[in-house]
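Q: Mind having a look at this structure? Questions to follow.
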Amino acid sequence: MAWRASLSRSVKEIRVLLCQSSPASAPAREFVKKNYADIKARNPSLPFLVRECSGVQPQLWARYDMGVERCVNLDGLSEAQIDKKLEELAKAGESLKAK
């Protein structure tokens with residue numbers, strides 16, 4: 001998980017959208033509970049926003065330089081898969097910087 005330490009170099013903001021009570025958002029809620037502190041400790045200046053809205057499908061958003069944003073639907077994914085999606089978004093940010 002070394003990529004987590006360099007997350008703020010490739011991503012400008014992370015947003016997690018989830019429902020407070022739906023079963024579809026349960027893995028996303030657990031991911032936030034278990035990983036928020038670690039990600040913020042490694043990237044204290046990185047905005048990591050958790051947005052709760054009744055009935056919303058769980059989503060993970062990453063904002064990059066120049067306002068570019070990417071979204072991943074988290075419905076049906078496990079906590080490990082959500083972590084992998086965040087890593088993929090971070091690596092996508094690295095490739096955007098290379099351009």
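Each chain of the structure tokens is named A, B, ... in the order shown, its residues numbered from 1; ligands are numbered from 1 in display order.
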Residues near region 71-77 of chain A, anyone? I mean within 10 Å using only C-alpha atoms, not counting same-chain ones fewer than 3 positions away, as a PyMOL selection string.
A: chain A and resi 15-18+23-28+57-63+80-83+85-86+88-89
Q: Using DSSP on the backbone coordinates, identify the residues of chain A assigned to alpha helix (DSSP H); present them as a VMD selection string.
A: chain A and resid 7 to 10 26 to 42 79 to 98
Q: Based on the backbone DSSP call, show me all residues of chain A assigned strand (DSSP E), as a PyMOL selection string.
A: chain A and resi 13-18+48-52+59-63+69-73
Q: Restricting the calculation to only C-alpha atoms: of A:Glu79, A:Lys34, A:Val68, A:Lys12, which residue gets closest to Pro47 (chain A)?
A: A:Lys12
Q: Determine, counting only C-alpha atoms, which protein, DNA and RNA residues have an atom within 10 Å of an atom of Ala92 (chain A); residues of the same chain fewer than 2 positions away are not included. Present the result as a PyMOL selection string.
A: chain A and resi 10-11+62+64+70+86-90+94-97
Q: Of the candidates A:Gly93, A:Glu52, A:Ser78, A:Asn43, which one gets nearest to Ser6 (chain A) if we count only C-alpha atoms?
A: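 Answer, going by the shortest atom-to-atom distance: A:Asn43.
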Q: Any idea what the distance is between CA of Arg4 (chain A) and CA of Ile39 (chain A)?
A: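 CA of Ile39 (chain A) lies 6.5 Å from CA of Arg4 (chain A).
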Q: For CA of Cys53 (chain A) and CA of Cys19 (chain A), quote the distance in Å rounded to one decimal.
A: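 If I compute the distance from CA of Cys53 (chain A) to CA of Cys19 (chain A), I get 5.2 Å.
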Q: Given the choices A:Leu7, A:Ser45, A:Gly55, A:Ile14, which gets closest to Val32 (chain A) if the distance is worked out from only C-alpha atoms?
A: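 Of A:Leu7, A:Ser45, A:Gly55, A:Ile14, the one nearest Val32 (chain A), counting only C-alpha atoms, is A:Ile14.
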